[in-house]
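Just input-v8.cif here, mmCIF, N, CA and C atoms:
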```cif
data_target
#
loop_
_atom_site.label_atom_id
_atom_site.label_comp_id
_atom_site.auth_asym_id
_atom_site.auth_seq_id
_atom_site.Cartn_x
_atom_site.Cartn_y
_atom_site.Cartn_z
N MET A 226 0.83 -1.16 0.00
CA MET A 226 0.00 0.00 0.00
C MET A 226 0.89 1.24 0.00
N VAL A 227 0.55 2.21 -0.83
CA VAL A 227 1.26 3.48 -0.89
C VAL A 227 0.28 4.57 -0.52
N THR A 228 0.63 5.39 0.45
CA THR A 228 -0.18 6.53 0.84
C THR A 228 0.47 7.76 0.26
N LYS A 229 -0.31 8.59 -0.46
CA LYS A 229 0.25 9.77 -1.11
C LYS A 229 -0.12 11.03 -0.34
N PHE A 230 0.85 11.95 -0.22
CA PHE A 230 0.66 13.23 0.42
C PHE A 230 1.19 14.30 -0.53
N THR A 231 0.53 15.46 -0.55
CA THR A 231 0.89 16.53 -1.47
C THR A 231 1.26 17.78 -0.70
N SER A 232 2.28 18.49 -1.18
CA SER A 232 2.70 19.72 -0.52
C SER A 232 1.70 20.84 -0.81
N ARG A 233 1.72 21.83 0.09
CA ARG A 233 0.86 23.00 -0.06
C ARG A 233 1.54 24.03 -0.95
N ASN A 234 0.74 24.84 -1.62
CA ASN A 234 1.29 25.95 -2.40
C ASN A 234 1.61 27.09 -1.47
N GLY A 235 2.56 27.91 -1.84
CA GLY A 235 2.92 29.08 -1.05
C GLY A 235 4.42 29.17 -0.91
N PRO A 236 4.93 30.36 -0.68
CA PRO A 236 6.37 30.52 -0.59
C PRO A 236 6.90 29.92 0.71
N ARG A 237 7.92 29.14 0.61
CA ARG A 237 8.61 28.55 1.76
C ARG A 237 10.08 28.43 1.39
N ASP A 238 10.92 28.51 2.37
CA ASP A 238 12.35 28.31 2.13
C ASP A 238 12.61 26.83 1.97
N GLY A 239 13.39 26.44 0.95
CA GLY A 239 13.76 25.05 0.77
C GLY A 239 15.17 24.84 1.29
N MET A 240 15.47 23.65 1.72
CA MET A 240 16.81 23.36 2.22
C MET A 240 17.47 22.30 1.34
N GLY A 241 16.92 21.19 1.18
CA GLY A 241 17.47 20.07 0.45
C GLY A 241 16.79 18.84 0.98
N LEU A 242 16.71 17.77 0.20
CA LEU A 242 15.97 16.60 0.66
C LEU A 242 16.89 15.61 1.32
N VAL A 243 16.44 15.09 2.42
CA VAL A 243 17.30 14.24 3.25
C VAL A 243 16.59 12.94 3.60
N VAL A 244 17.34 11.87 3.59
CA VAL A 244 16.82 10.60 4.09
C VAL A 244 17.24 10.49 5.54
N LEU A 245 16.27 10.16 6.39
CA LEU A 245 16.53 10.21 7.83
C LEU A 245 16.49 8.85 8.47
N LEU A 246 17.56 8.50 9.15
CA LEU A 246 17.56 7.31 9.99
C LEU A 246 17.77 7.80 11.40
N LEU A 247 16.82 7.49 12.26
CA LEU A 247 16.73 8.14 13.55
C LEU A 247 16.86 7.14 14.69
N ALA A 248 17.69 7.46 15.65
CA ALA A 248 17.76 6.65 16.86
C ALA A 248 17.64 7.61 18.04
N LEU A 249 16.55 7.54 18.75
CA LEU A 249 16.25 8.56 19.75
C LEU A 249 16.28 8.05 21.19
N GLY A 250 17.17 7.37 21.66
CA GLY A 250 17.14 6.99 23.06
C GLY A 250 16.58 5.60 23.27
N PHE A 251 16.71 5.11 24.46
CA PHE A 251 16.37 3.73 24.78
C PHE A 251 14.94 3.61 25.28
N GLN A 252 14.19 2.64 24.76
CA GLN A 252 12.83 2.38 25.19
C GLN A 252 12.71 0.90 25.55
N PRO A 253 12.78 0.55 26.82
CA PRO A 253 12.69 -0.85 27.20
C PRO A 253 11.28 -1.39 27.03
N ALA A 254 11.20 -2.69 26.80
CA ALA A 254 9.94 -3.44 26.75
C ALA A 254 8.97 -2.91 25.71
N CYS A 255 9.45 -2.51 24.57
CA CYS A 255 8.59 -2.02 23.50
C CYS A 255 8.51 -3.10 22.43
N ASP A 256 7.28 -3.49 22.08
CA ASP A 256 7.08 -4.56 21.10
C ASP A 256 7.27 -4.09 19.67
N CYS A 257 7.00 -2.82 19.40
CA CYS A 257 7.23 -2.30 18.05
C CYS A 257 7.68 -0.85 18.16
N PHE A 258 8.42 -0.42 17.17
CA PHE A 258 8.98 0.93 17.16
C PHE A 258 8.45 1.70 15.95
N PHE A 259 8.39 3.03 16.08
CA PHE A 259 7.92 3.87 14.98
C PHE A 259 8.87 3.76 13.80
N MET A 260 8.32 3.48 12.63
CA MET A 260 9.09 3.38 11.38
C MET A 260 8.27 4.02 10.26
N VAL A 261 8.96 4.67 9.34
CA VAL A 261 8.30 5.18 8.13
C VAL A 261 9.32 5.13 7.00
N SER A 262 8.84 4.75 5.83
CA SER A 262 9.69 4.74 4.64
C SER A 262 8.83 5.15 3.46
N GLY A 263 9.49 5.61 2.42
CA GLY A 263 8.74 6.02 1.24
C GLY A 263 9.62 6.68 0.21
N ARG A 264 8.94 7.49 -0.60
CA ARG A 264 9.60 8.13 -1.73
C ARG A 264 9.06 9.54 -1.87
N VAL A 265 9.92 10.47 -2.30
CA VAL A 265 9.52 11.85 -2.55
C VAL A 265 9.66 12.13 -4.03
N VAL A 266 8.58 12.67 -4.62
CA VAL A 266 8.55 12.98 -6.05
C VAL A 266 8.09 14.42 -6.25
N GLU A 267 8.26 14.93 -7.46
CA GLU A 267 7.71 16.23 -7.83
C GLU A 267 6.23 16.05 -8.09
N CYS A 268 5.39 16.92 -7.51
CA CYS A 268 3.94 16.81 -7.68
C CYS A 268 3.56 16.84 -9.16
N GLY A 269 2.61 16.00 -9.52
CA GLY A 269 2.12 15.93 -10.89
C GLY A 269 2.99 15.09 -11.80
N THR A 270 4.06 14.53 -11.26
CA THR A 270 4.96 13.70 -12.05
C THR A 270 5.33 12.47 -11.21
N THR A 271 6.13 11.62 -11.81
CA THR A 271 6.71 10.51 -11.05
C THR A 271 8.22 10.71 -10.89
N THR A 272 8.68 11.96 -11.14
CA THR A 272 10.10 12.29 -11.06
C THR A 272 10.56 12.28 -9.60
N PRO A 273 11.48 11.37 -9.26
CA PRO A 273 11.97 11.33 -7.88
C PRO A 273 12.82 12.55 -7.56
N LEU A 274 12.79 12.98 -6.31
CA LEU A 274 13.57 14.11 -5.87
C LEU A 274 14.70 13.63 -4.95
N GLN A 275 15.93 13.84 -5.41
CA GLN A 275 17.12 13.47 -4.65
C GLN A 275 17.50 14.61 -3.70
N ASP A 276 18.11 14.26 -2.61
CA ASP A 276 18.64 15.22 -1.64
C ASP A 276 17.59 16.12 -1.02
N VAL A 277 16.39 15.60 -0.85
CA VAL A 277 15.38 16.31 -0.07
C VAL A 277 15.79 16.16 1.39
N VAL A 278 15.75 17.25 2.13
CA VAL A 278 16.10 17.21 3.54
C VAL A 278 14.83 16.89 4.33
N ILE A 279 14.92 15.86 5.16
CA ILE A 279 13.79 15.47 5.99
C ILE A 279 14.20 15.61 7.45
N ALA A 280 13.52 16.52 8.15
CA ALA A 280 13.76 16.73 9.57
C ALA A 280 12.62 16.09 10.34
N VAL A 281 12.93 15.56 11.51
CA VAL A 281 11.95 14.81 12.30
C VAL A 281 11.67 15.53 13.61
N HIS A 282 10.40 15.55 13.99
CA HIS A 282 10.00 16.02 15.31
C HIS A 282 9.07 14.97 15.91
N VAL A 283 9.42 14.45 17.09
CA VAL A 283 8.54 13.53 17.80
C VAL A 283 7.55 14.40 18.58
N ASP A 284 6.26 14.32 18.19
CA ASP A 284 5.22 15.12 18.82
C ASP A 284 4.70 14.48 20.10
N ARG A 285 4.60 13.15 20.07
CA ARG A 285 4.09 12.41 21.21
C ARG A 285 4.78 11.06 21.24
N GLY A 286 5.92 11.02 21.91
CA GLY A 286 6.69 9.78 22.01
C GLY A 286 6.42 9.07 23.32
N VAL A 287 7.37 8.26 23.75
CA VAL A 287 7.22 7.51 24.98
C VAL A 287 7.01 8.47 26.15
N GLY A 288 5.99 8.21 26.95
CA GLY A 288 5.69 9.07 28.09
C GLY A 288 5.28 10.47 27.71
N GLY A 289 4.80 10.68 26.47
CA GLY A 289 4.38 12.00 26.01
C GLY A 289 5.54 12.91 25.62
N ARG A 290 6.73 12.35 25.52
CA ARG A 290 7.93 13.13 25.20
C ARG A 290 7.81 13.82 23.85
N GLN A 291 8.32 15.05 23.78
CA GLN A 291 8.46 15.78 22.52
C GLN A 291 9.94 16.02 22.31
N GLU A 292 10.38 15.86 21.05
CA GLU A 292 11.81 15.96 20.80
C GLU A 292 12.07 16.15 19.31
N ASP A 293 13.07 16.97 18.98
CA ASP A 293 13.53 17.07 17.60
C ASP A 293 14.49 15.94 17.35
N GLY A 294 14.37 15.34 16.18
CA GLY A 294 15.23 14.22 15.83
C GLY A 294 16.29 14.60 14.84
N VAL A 295 16.82 13.61 14.22
CA VAL A 295 17.91 13.76 13.27
C VAL A 295 17.36 14.23 11.92
N VAL A 296 18.25 14.61 11.04
CA VAL A 296 17.89 15.03 9.68
C VAL A 296 18.54 14.05 8.71
N ILE A 297 17.78 13.66 7.69
CA ILE A 297 18.30 12.73 6.67
C ILE A 297 18.01 13.29 5.28
N ASN A 298 18.57 12.66 4.24
CA ASN A 298 18.33 13.06 2.84
C ASN A 298 17.79 11.87 2.06
N THR A 299 17.00 12.19 1.04
CA THR A 299 16.55 11.13 0.13
C THR A 299 17.71 10.72 -0.77
N ASP A 300 17.63 9.49 -1.28
CA ASP A 300 18.66 9.01 -2.21
C ASP A 300 18.32 9.41 -3.64
N ALA A 301 19.07 8.93 -4.60
CA ALA A 301 18.88 9.31 -6.01
C ALA A 301 17.50 8.92 -6.54
N ALA A 302 16.90 7.90 -5.96
CA ALA A 302 15.57 7.45 -6.39
C ALA A 302 14.47 8.11 -5.56
N GLY A 303 14.83 9.07 -4.70
CA GLY A 303 13.85 9.77 -3.88
C GLY A 303 13.42 9.00 -2.65
N HIS A 304 14.06 7.87 -2.35
CA HIS A 304 13.67 7.03 -1.23
C HIS A 304 14.24 7.53 0.10
N PHE A 305 13.48 7.24 1.16
CA PHE A 305 13.94 7.53 2.51
C PHE A 305 13.39 6.45 3.44
N ALA A 306 14.05 6.28 4.57
CA ALA A 306 13.59 5.36 5.60
C ALA A 306 14.10 5.87 6.94
N LEU A 307 13.26 5.82 7.94
CA LEU A 307 13.70 6.24 9.25
C LEU A 307 12.96 5.46 10.32
N GLY A 308 13.59 5.37 11.44
CA GLY A 308 13.00 4.72 12.60
C GLY A 308 13.29 5.54 13.83
N ALA A 309 12.38 5.52 14.77
CA ALA A 309 12.57 6.21 16.03
C ALA A 309 12.50 5.19 17.15
N ASN A 310 13.28 5.39 18.15
CA ASN A 310 13.25 4.48 19.30
C ASN A 310 12.11 4.88 20.23
N ASP A 311 10.93 4.99 19.63
CA ASP A 311 9.69 5.28 20.32
C ASP A 311 8.67 4.25 19.87
N PRO A 312 7.63 4.01 20.66
CA PRO A 312 6.63 3.00 20.29
C PRO A 312 5.98 3.30 18.94
N CYS A 313 5.51 2.26 18.28
CA CYS A 313 4.93 2.41 16.94
C CYS A 313 3.72 3.33 16.93
N GLU A 314 3.05 3.53 18.05
CA GLU A 314 1.88 4.41 18.08
C GLU A 314 2.25 5.88 18.33
N SER A 315 3.53 6.20 18.37
CA SER A 315 3.98 7.59 18.58
C SER A 315 3.51 8.49 17.44
N TRP A 316 3.39 9.78 17.74
CA TRP A 316 3.07 10.79 16.74
C TRP A 316 4.36 11.48 16.35
N VAL A 317 4.64 11.50 15.05
CA VAL A 317 5.89 12.07 14.53
C VAL A 317 5.57 12.95 13.33
N THR A 318 6.16 14.16 13.29
CA THR A 318 6.00 15.04 12.13
C THR A 318 7.31 15.08 11.36
N LEU A 319 7.20 14.90 10.04
CA LEU A 319 8.35 15.00 9.15
C LEU A 319 8.23 16.30 8.37
N PHE A 320 9.36 17.00 8.23
CA PHE A 320 9.43 18.25 7.48
C PHE A 320 10.31 18.01 6.26
N PHE A 321 9.75 18.20 5.07
CA PHE A 321 10.44 17.94 3.80
C PHE A 321 10.83 19.26 3.15
N ASN A 322 12.12 19.44 2.87
CA ASN A 322 12.63 20.69 2.30
C ASN A 322 13.59 20.40 1.15
N LYS A 323 13.41 21.16 0.07
CA LYS A 323 14.35 21.10 -1.06
C LYS A 323 14.32 22.45 -1.75
N ASP A 324 15.50 22.98 -2.08
CA ASP A 324 15.57 24.25 -2.80
C ASP A 324 14.74 24.16 -4.07
N GLY A 325 13.97 25.22 -4.33
CA GLY A 325 13.15 25.27 -5.53
C GLY A 325 11.77 24.64 -5.37
N PHE A 326 11.46 24.16 -4.14
CA PHE A 326 10.17 23.53 -3.86
C PHE A 326 9.59 24.09 -2.57
N ASN A 327 8.25 24.07 -2.47
CA ASN A 327 7.60 24.49 -1.23
C ASN A 327 7.88 23.46 -0.15
N MET A 328 8.13 23.96 1.07
CA MET A 328 8.31 23.08 2.21
C MET A 328 6.99 22.33 2.46
N PHE A 329 7.09 21.10 2.94
CA PHE A 329 5.91 20.29 3.24
C PHE A 329 6.13 19.58 4.56
N GLU A 330 5.08 19.52 5.37
CA GLU A 330 5.17 18.76 6.61
C GLU A 330 4.01 17.77 6.67
N GLN A 331 4.28 16.62 7.26
CA GLN A 331 3.27 15.58 7.39
C GLN A 331 3.40 14.94 8.76
N GLN A 332 2.29 14.93 9.50
CA GLN A 332 2.29 14.26 10.80
C GLN A 332 1.77 12.84 10.64
N PHE A 333 2.45 11.91 11.27
CA PHE A 333 2.04 10.51 11.29
C PHE A 333 1.63 10.17 12.71
N LYS A 334 0.39 9.72 12.88
CA LYS A 334 -0.11 9.31 14.19
C LYS A 334 0.01 7.80 14.25
N GLY A 335 1.21 7.36 14.54
CA GLY A 335 1.52 5.94 14.54
C GLY A 335 2.22 5.56 13.25
N THR A 336 2.88 4.41 13.28
CA THR A 336 3.58 3.92 12.10
C THR A 336 2.59 3.72 10.96
N PRO A 337 2.84 4.30 9.78
CA PRO A 337 1.92 4.12 8.65
C PRO A 337 1.95 2.69 8.12
N ASN A 338 0.85 2.28 7.52
CA ASN A 338 0.78 0.97 6.87
C ASN A 338 1.42 1.06 5.51
N GLY A 339 2.54 0.41 5.32
CA GLY A 339 3.20 0.40 4.02
C GLY A 339 4.00 1.65 3.77
N SER A 340 4.46 1.77 2.53
CA SER A 340 5.29 2.88 2.09
C SER A 340 4.43 4.11 1.84
N VAL A 341 5.00 5.29 2.06
CA VAL A 341 4.28 6.54 1.78
C VAL A 341 4.93 7.23 0.59
N GLU A 342 4.14 7.99 -0.15
CA GLU A 342 4.67 8.81 -1.23
C GLU A 342 4.35 10.25 -0.93
N ILE A 343 5.38 11.07 -0.92
CA ILE A 343 5.25 12.51 -0.66
C ILE A 343 5.57 13.23 -1.96
N CYS A 344 4.75 14.24 -2.30
CA CYS A 344 5.11 15.04 -3.47
C CYS A 344 5.32 16.48 -3.04
N LEU A 345 6.34 17.10 -3.63
CA LEU A 345 6.65 18.49 -3.37
C LEU A 345 6.31 19.33 -4.59
N THR A 346 5.74 20.52 -4.35
CA THR A 346 5.35 21.44 -5.41
C THR A 346 6.47 22.44 -5.67
N PRO A 347 6.86 22.61 -6.94
CA PRO A 347 7.89 23.62 -7.25
C PRO A 347 7.39 25.01 -6.81
N THR A 348 8.34 25.84 -6.35
CA THR A 348 7.97 27.20 -5.97
C THR A 348 7.69 28.00 -7.24
N ALA A 349 6.83 28.99 -7.10
CA ALA A 349 6.49 29.84 -8.24
C ALA A 349 7.68 30.72 -8.58
N PRO A 350 7.97 30.90 -9.88
CA PRO A 350 9.09 31.79 -10.23
C PRO A 350 8.79 33.23 -9.82
N ALA A 351 9.83 33.96 -9.48
CA ALA A 351 9.68 35.37 -9.10
C ALA A 351 9.19 36.16 -10.28
N PRO A 352 8.29 37.13 -10.03
CA PRO A 352 7.74 37.94 -11.15
C PRO A 352 8.77 38.84 -11.78
#
```
Rewrite the coordinates I just gave you, this time as structure tokens.
Amino acid sequence: MVTKFTSRNGPRDGMGLVVLLLALGFQPACDCFFMVSGRVVECGTTTPLQDVVIAVHVDRGVGGRQEDGVVINTDAAGHFALGANDPCESWVTLFFNKDGFNMFEQQFKGTPNGSVEICLTPTAPAP
């Protein structure tokens, strides 16, 4: 199953696309951990976006903890994968940034089922 998400229109600063692998501290006696993987493409196309910067924020982790995580980049095929040392039902927001594209954020309330597809919208050219 692939879940698709689309970026919003509007001016935002882009940074670069990153694939994120996250290790956030020790969680004893946890049966499953938060994981997300997928691909980032240009909206309206199937063109993968390399070097998208993905920053992680744990909104509701173990014991209600909030924390900023690591930053990763997408690979040449636009793929990313990350895991957090928080339970699979944790809430995590990913921030996707790439120069020339609108910033996009997506909150996951628990580990998603299957791979996700994120699309970024190119920024409008300056008048």
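With atom N of A:Ile343 on one side and atom C of A:Cys313 on the other, the separation reads 19.5 Å.
Note that the spacing between atom N of A:Lys323 and atom N of A:Cys268 amounts to 11.8 Å.
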Find the residue from A:Asp300, A:Glu292, A:Asp324, A:Glu342 that sits nearest to A:Gly263; use only C-alpha atoms when measuring.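 Of all the options, A:Glu342 lies closest to A:Gly263.
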Taking all atoms listed in the file into account, name the residue in A:Ser262, A:Thr299, A:Thr270, A:Gln275 that is nearest to A:Ser340. A:Ser262
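Between A:Val265 and the candidates A:Ala302, A:Ala280, A:Ala349, A:Val287, the tightest atom-to-atom separation, counting all atoms listed in the file, involves A:Ala302.
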Applied to the shown file, which residues does the PyMOL selection byres ((chain A and resi 348) around 6) return, written as a count of residues only? 7
Calculate, to one decimal in Å, the centre and edge lengths of the box along x, y and z of the file that holds all listed atoms of stretch 263-268 of chain A with 6 Å of margin on each side, and present them as AutoDock Vina command-line options.
```
--center_x 6.7 --center_y 11.3 --center_z -3.4 --size_x 18.4 --size_y 23.3 --size_z 23.6
```
